[in-house]
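> For reference, the file upload_10.cif (mmCIF, C-alpha atoms) is included below:
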data_upload
loop_
_atom_site.label_atom_id
_atom_site.label_comp_id
_atom_site.auth_asym_id
_atom_site.auth_seq_id
_atom_site.Cartn_x
_atom_site.Cartn_y
_atom_site.Cartn_z
CA ASN L 1 -140.24 81.02 -160.29
CA ALA L 2 -137.58 79.32 -162.36
CA GLY L 3 -135.01 80.06 -159.64
CA VAL L 4 -131.40 80.12 -160.87
CA THR L 5 -130.88 79.05 -164.46
CA GLN L 6 -127.59 78.35 -166.22
CA THR L 7 -126.73 77.86 -169.87
CA PRO L 8 -125.30 75.88 -171.49
CA LYS L 9 -125.54 72.60 -169.55
CA PHE L 10 -122.49 71.16 -171.31
CA GLN L 11 -119.67 72.77 -173.30
CA VAL L 12 -116.45 71.59 -174.90
CA LEU L 13 -113.81 74.19 -175.76
CA LYS L 14 -110.40 74.05 -177.34
CA THR L 15 -107.47 75.62 -175.52
CA GLY L 16 -107.35 79.35 -176.18
CA GLN L 17 -111.02 79.74 -177.05
CA SER L 18 -113.21 82.16 -175.14
CA MET L 19 -116.81 81.80 -174.05
CA THR L 20 -119.43 83.15 -171.69
CA LEU L 21 -121.37 81.05 -169.18
CA GLN L 22 -124.80 82.51 -168.59
CA CYS L 23 -126.55 82.75 -165.22
CA ALA L 24 -129.94 84.30 -164.48
CA GLN L 25 -132.20 84.46 -161.46
CA ASP L 26 -135.80 85.60 -161.19
CA MET L 27 -136.02 85.95 -157.40
CA ASN L 28 -134.79 89.57 -157.26
CA HIS L 29 -131.85 88.48 -155.13
CA GLU L 30 -129.23 91.10 -154.47
CA TYR L 31 -126.21 88.77 -154.23
CA MET L 32 -124.85 86.43 -156.89
CA SER L 33 -121.77 84.20 -156.99
CA TRP L 34 -119.85 81.85 -159.28
CA TYR L 35 -118.19 78.65 -158.06
CA ARG L 36 -116.22 75.88 -159.71
CA GLN L 37 -116.12 72.27 -158.58
CA ASP L 38 -113.37 69.97 -159.74
CA PRO L 39 -113.91 66.18 -159.63
CA GLY L 40 -114.09 64.87 -156.05
CA MET L 41 -113.52 68.33 -154.61
CA GLY L 42 -115.55 70.97 -152.82
CA LEU L 43 -116.75 74.21 -154.39
CA ARG L 44 -114.39 77.15 -154.79
CA LEU L 45 -115.57 80.75 -155.12
CA ILE L 46 -114.53 82.49 -158.34
CA HIS L 47 -116.28 85.88 -158.31
CA TYR L 48 -119.26 87.40 -156.58
CA SER L 49 -121.52 90.45 -156.80
CA VAL L 50 -123.35 92.38 -154.09
CA GLY L 51 -125.58 94.22 -156.53
CA ALA L 52 -125.85 95.55 -160.06
CA GLY L 53 -122.59 97.22 -161.07
CA ILE L 54 -120.59 95.80 -158.14
CA THR L 55 -118.36 92.71 -158.40
CA ASP L 56 -115.38 91.34 -156.51
CA GLN L 57 -112.94 88.44 -156.61
CA GLY L 58 -113.26 85.19 -154.72
CA GLU L 59 -110.68 82.46 -154.05
CA VAL L 60 -109.80 81.54 -157.64
CA PRO L 61 -110.52 84.51 -159.97
CA ASN L 62 -107.62 84.19 -162.44
CA GLY L 63 -108.71 83.55 -166.01
CA TYR L 64 -112.29 84.67 -165.43
CA ASN L 65 -114.17 87.96 -165.79
CA VAL L 66 -117.62 88.92 -164.58
CA SER L 67 -119.99 91.84 -164.89
CA ARG L 68 -123.40 92.59 -163.39
CA SER L 69 -125.36 95.09 -165.45
CA THR L 70 -128.76 93.94 -164.13
CA THR L 71 -130.01 92.34 -160.93
CA GLU L 72 -131.08 89.25 -162.84
CA ASP L 73 -127.97 88.34 -164.86
CA PHE L 74 -124.41 87.48 -163.84
CA PRO L 75 -122.38 86.08 -166.77
CA LEU L 76 -118.96 84.49 -166.33
CA ARG L 77 -116.43 84.96 -169.13
CA LEU L 78 -113.50 82.68 -169.81
CA LEU L 79 -110.96 84.82 -171.61
CA SER L 80 -108.64 82.12 -173.02
CA ALA L 81 -109.67 78.63 -171.99
CA ALA L 82 -107.07 76.29 -170.49
CA PRO L 83 -107.33 72.56 -169.63
CA SER L 84 -107.05 73.55 -165.94
CA GLN L 85 -110.45 75.21 -166.29
CA THR L 86 -112.15 71.90 -166.98
CA SER L 87 -114.70 71.79 -164.19
CA VAL L 88 -118.36 72.09 -163.26
CA TYR L 89 -119.43 75.69 -162.79
CA PHE L 90 -122.26 76.64 -160.44
CA CYS L 91 -123.96 80.00 -160.17
CA ALA L 92 -125.78 81.00 -156.98
CA SER L 93 -127.98 83.82 -155.80
CA SER L 94 -128.85 84.84 -152.26
CA TYR L 95 -130.66 87.40 -150.18
CA SER L 96 -130.19 88.77 -146.71
CA ARG L 97 -132.67 87.68 -144.06
CA GLY L 98 -132.15 89.31 -140.69
CA GLY L 99 -128.37 89.30 -141.11
CA SER L 100 -128.06 85.77 -142.47
CA TYR L 101 -128.11 84.47 -146.01
CA GLU L 102 -129.56 81.51 -147.89
CA GLN L 103 -127.95 80.65 -151.20
CA TYR L 104 -129.78 79.09 -154.12
CA PHE L 105 -127.71 77.26 -156.71
CA GLY L 106 -128.25 76.60 -160.38
CA PRO L 107 -127.92 73.15 -161.99
CA GLY L 108 -124.37 73.77 -163.23
CA THR L 109 -122.45 73.96 -166.51
CA ARG L 110 -120.07 71.10 -167.25
CA LEU L 111 -117.08 72.49 -169.15
CA THR L 112 -114.34 70.48 -170.78
CA VAL L 113 -111.27 72.19 -172.26
CA THR L 114 -109.18 70.07 -174.61
CA ASP O 1 -114.25 82.37 -140.62
CA ALA O 2 -114.31 79.53 -138.16
CA LYS O 3 -112.98 76.20 -139.39
CA THR O 4 -115.37 73.25 -139.33
CA THR O 5 -114.62 69.56 -138.88
CA GLN O 6 -116.96 66.86 -140.18
CA PRO O 7 -116.57 63.09 -140.49
CA PRO O 8 -115.80 62.14 -144.10
CA SER O 9 -118.62 59.61 -144.36
CA MET O 10 -121.56 58.13 -142.47
CA ASP O 11 -124.16 55.43 -143.05
CA CYS O 12 -127.80 55.50 -142.05
CA ALA O 13 -130.64 52.99 -142.44
CA GLU O 14 -133.64 54.15 -144.41
CA GLY O 15 -136.41 55.40 -142.13
CA ARG O 16 -134.07 56.07 -139.24
CA ALA O 17 -132.84 59.47 -138.10
CA ALA O 18 -129.56 60.64 -139.58
CA ASN O 19 -127.47 62.69 -137.16
CA LEU O 20 -124.62 64.55 -138.83
CA PRO O 21 -122.11 66.19 -136.45
CA CYS O 22 -120.01 69.28 -137.02
CA ASN O 23 -117.32 70.78 -134.81
CA HIS O 24 -116.65 74.53 -134.98
CA SER O 25 -114.73 75.24 -131.79
CA THR O 26 -113.39 78.63 -132.97
CA ILE O 27 -116.79 80.07 -133.88
CA SER O 28 -117.30 83.77 -133.16
CA GLY O 29 -120.36 85.37 -131.68
CA ASN O 30 -121.59 86.83 -134.98
CA GLU O 31 -121.11 83.66 -137.04
CA TYR O 32 -124.00 81.56 -138.23
CA VAL O 33 -123.96 77.80 -138.76
CA TYR O 34 -125.26 76.83 -142.21
CA TRP O 35 -125.95 73.41 -143.66
CA TYR O 36 -126.11 72.63 -147.36
CA ARG O 37 -126.18 69.36 -149.22
CA GLN O 38 -125.19 68.29 -152.71
CA ILE O 39 -126.88 65.34 -154.31
CA HIS O 40 -124.76 63.71 -157.01
CA SER O 41 -123.92 66.14 -159.85
CA GLN O 42 -126.52 68.69 -158.79
CA GLY O 43 -126.04 72.19 -157.41
CA PRO O 44 -125.83 72.49 -153.61
CA GLN O 45 -129.13 72.87 -151.80
CA TYR O 46 -129.66 75.04 -148.73
CA ILE O 47 -131.01 73.06 -145.77
CA ILE O 48 -131.05 75.16 -142.62
CA HIS O 49 -129.07 77.65 -140.58
CA GLY O 50 -128.92 78.99 -137.03
CA LEU O 51 -127.10 81.36 -134.73
CA LYS O 52 -127.72 80.22 -131.15
CA ASN O 53 -131.08 78.53 -130.89
CA ASN O 54 -132.09 75.17 -132.26
CA GLU O 55 -133.92 75.43 -135.56
CA THR O 56 -136.38 73.20 -137.40
CA ASN O 57 -137.87 73.37 -140.86
CA GLU O 58 -139.57 70.96 -143.23
CA MET O 59 -136.28 69.34 -144.18
CA ALA O 60 -134.28 69.02 -140.97
CA SER O 61 -133.48 70.14 -137.44
CA LEU O 62 -130.34 71.91 -136.33
CA ILE O 63 -129.12 71.46 -132.77
CA ILE O 64 -126.42 73.89 -131.62
CA THR O 65 -124.68 73.26 -128.30
CA GLU O 66 -124.91 75.92 -125.64
CA ASP O 67 -121.26 76.91 -126.07
CA ARG O 68 -121.82 76.94 -129.88
CA LYS O 69 -118.68 74.88 -130.47
CA SER O 70 -120.51 72.09 -132.22
CA SER O 71 -123.79 71.34 -133.93
CA THR O 72 -125.79 68.41 -135.27
CA LEU O 73 -127.97 68.28 -138.34
CA ILE O 74 -130.83 65.83 -137.92
CA LEU O 75 -132.78 64.32 -140.81
CA PRO O 76 -135.64 62.75 -138.86
CA HIS O 77 -136.61 59.96 -141.27
CA ALA O 78 -133.86 59.46 -143.83
CA THR O 79 -134.79 58.22 -147.29
CA LEU O 80 -132.64 56.94 -150.14
CA ARG O 81 -133.00 60.39 -151.75
CA ASP O 82 -131.12 61.91 -148.80
CA THR O 83 -127.89 60.21 -149.93
CA ALA O 84 -125.64 63.22 -150.58
CA VAL O 85 -122.63 65.20 -149.38
CA TYR O 86 -123.58 67.44 -146.45
CA TYR O 87 -121.63 70.62 -145.82
CA CYS O 88 -121.45 72.41 -142.47
CA ILE O 89 -120.35 76.01 -142.95
CA VAL O 90 -119.74 78.79 -140.45
CA ARG O 91 -119.96 82.35 -141.73
CA ALA O 92 -120.37 85.80 -140.28
CA GLY O 93 -123.59 87.46 -141.29
CA THR O 94 -121.91 89.96 -143.56
CA GLY O 95 -120.21 87.22 -145.57
CA GLY O 96 -122.95 84.67 -145.69
CA PHE O 97 -123.39 84.96 -149.42
CA LYS O 98 -119.73 84.01 -150.03
CA THR O 99 -120.01 80.44 -148.86
CA ILE O 100 -116.72 78.59 -148.56
CA PHE O 101 -117.27 74.85 -148.88
CA GLY O 102 -115.07 72.22 -147.28
CA ALA O 103 -115.05 68.47 -147.89
CA GLY O 104 -118.33 67.76 -146.09
CA THR O 105 -119.77 64.43 -144.92
CA ARG O 106 -120.85 61.87 -147.48
CA LEU O 107 -124.06 60.32 -146.12
CA PHE O 108 -125.11 56.93 -147.47
CA VAL O 109 -128.71 55.98 -146.74
CA LYS O 110 -129.16 52.23 -147.13
CA ALA O 111 -132.35 50.25 -147.66
#
Would you mind writing the structure in this file as structure tokens?


Amino acid sequence: NAGVTQTPKFQVLKTGQSMTLQCAQDMNHEYMSWYRQDPGMGLRLIHYSVGAGITDQGEVPNGYNVSRSTTEDFPLRLLSAAPSQTSVYFCASSYSRGGSYEQYFGPGTRLTVT
Amino acid sequence: DAKTTQPPSMDCAEGRAANLPCNHSTISGNEYVYWYRQIHSQGPQYIIHGLKNNETNEMASLIITEDRKSSTLILPHATLRDTAVYYCIVRAGTGGFKTIFGAGTRLFVKA
């Protein structure tokens, strides 16, 4: 299994541009999430999904959209990039095991907005 | 979710056991204790979790006090590769996939 994959690894955008960060998992996990991590900070939850067709907002959803048309894919869209969105973005997938969850994270996308 | 308190940093000698403490005095009965770590620039990695009983896997052991108000993650023989930020997280079962990360403990393993 490849686990959780993210593309691209690095991206530079100009203010106002839009783009989609890709995330895929091949473990048939029901749950997927997007986080951002600013320098020297912990991870903050942006959006999450409990299954195909179902998404919800996390702590910091403004400026981002998500959709989940398949179990495997959970893309994150930046509608109009701003310098405040410069960050490292991590995608995660998880499954339920007896009422608890283990999350598996991708390698991250490093985004710079100028 | 219960708040957790961890020391900001700790040192450990290579080959010795690393004992990372976590306080979660407001933990509820249905909340699990999870541990993750993040090695520099990489995505967080799941380590272990538990509800009431002590747990052990190939990476670490988790010791939860009888009153569940604190726990300790034990890396039995720390190596330089274990240098990372370790996060203690308390989550109810239904929300376990929406992990909320705090500041964690930065563990330095020294040769």

> Any idea what the distance is between atom CA of Leu73 of chain O and atom CA of Lys3 of chain O?

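Atom-to-atom, atom CA of Leu73 of chain O and atom CA of Lys3 of chain O are spaced 17.0 Å apart.
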
> Find the residues in chain L near chain O: any atom within 9 Å counts, using all atoms listed in the file. Write them as an MDAnalysis selection string.

chainID L and resid 31:33 40:45 48 50 58 88 90:96 98:108

> Written as a ChimeraX atom specification, what is the full residue list that the PyMOL selection byres ((chain L and resi 1-12) around 6) yields on the file shown?

/L:13,22-26,106,109-113

> Evaluate the PyMOL selection byres ((chain L and resi 114) around 6) against this structure - the residues, as a PyMOL selection string, please.

chain L and resi 14-15+83+113

> Looking at only C-alpha atoms, which of O:Asn23, O:Gln38, O:Thr72, O:Thr4 is the one that sits closest to Arg106 of chain O?

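Smallest separation from Arg106 of chain O among the options: O:Gln38.
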
> What is the distance, in Å and to one decimal place, between atom CA of Ser84 of chain L and atom CA of Thr20 of chain L?

16.7 Å

> Looking at O:Lys110, O:Arg37, O:His77, O:Lys52, which one is nearest to Ala18 of chain O, with distances taken over all atoms listed in the file?

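Once distances to Ala18 of chain O are computed over all atoms listed in the file, the minimum belongs to O:His77.
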
> Find the residues with any atom within 10 Å of (-127.7, 54.7, -147.2); use only C-alpha atoms and the coordinates as given in the file, and write the answer as a PyMOL selection string.

chain O and resi 10-14+18+78-84+106-111

> Just to confirm, what's the straight-line distance from atom CA of Pro8 of chain O to atom CA of Met59 of chain O in Å (one decimal)?

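These two atoms are separated by 21.7 Å.
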
> Check which residues satisfy the PyMOL selection byres ((chain L and resi 69-77) around 8) in the file shown, then give them as a VMD selection string.

chain L and resid 18 to 26 28 to 30 32 34 51 to 53 64 to 68 78 to 79

> Could you pull the residues within 10 Å of Asp67 of chain O, counting all atoms listed in the file, minus those fewer than 3 positions along the same chain, as a list in words?

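So, after excluding close chain neighbours, the residues are Ser25, Ile27, Lys52, Ile64, Ser70 and Ser71 of chain O.
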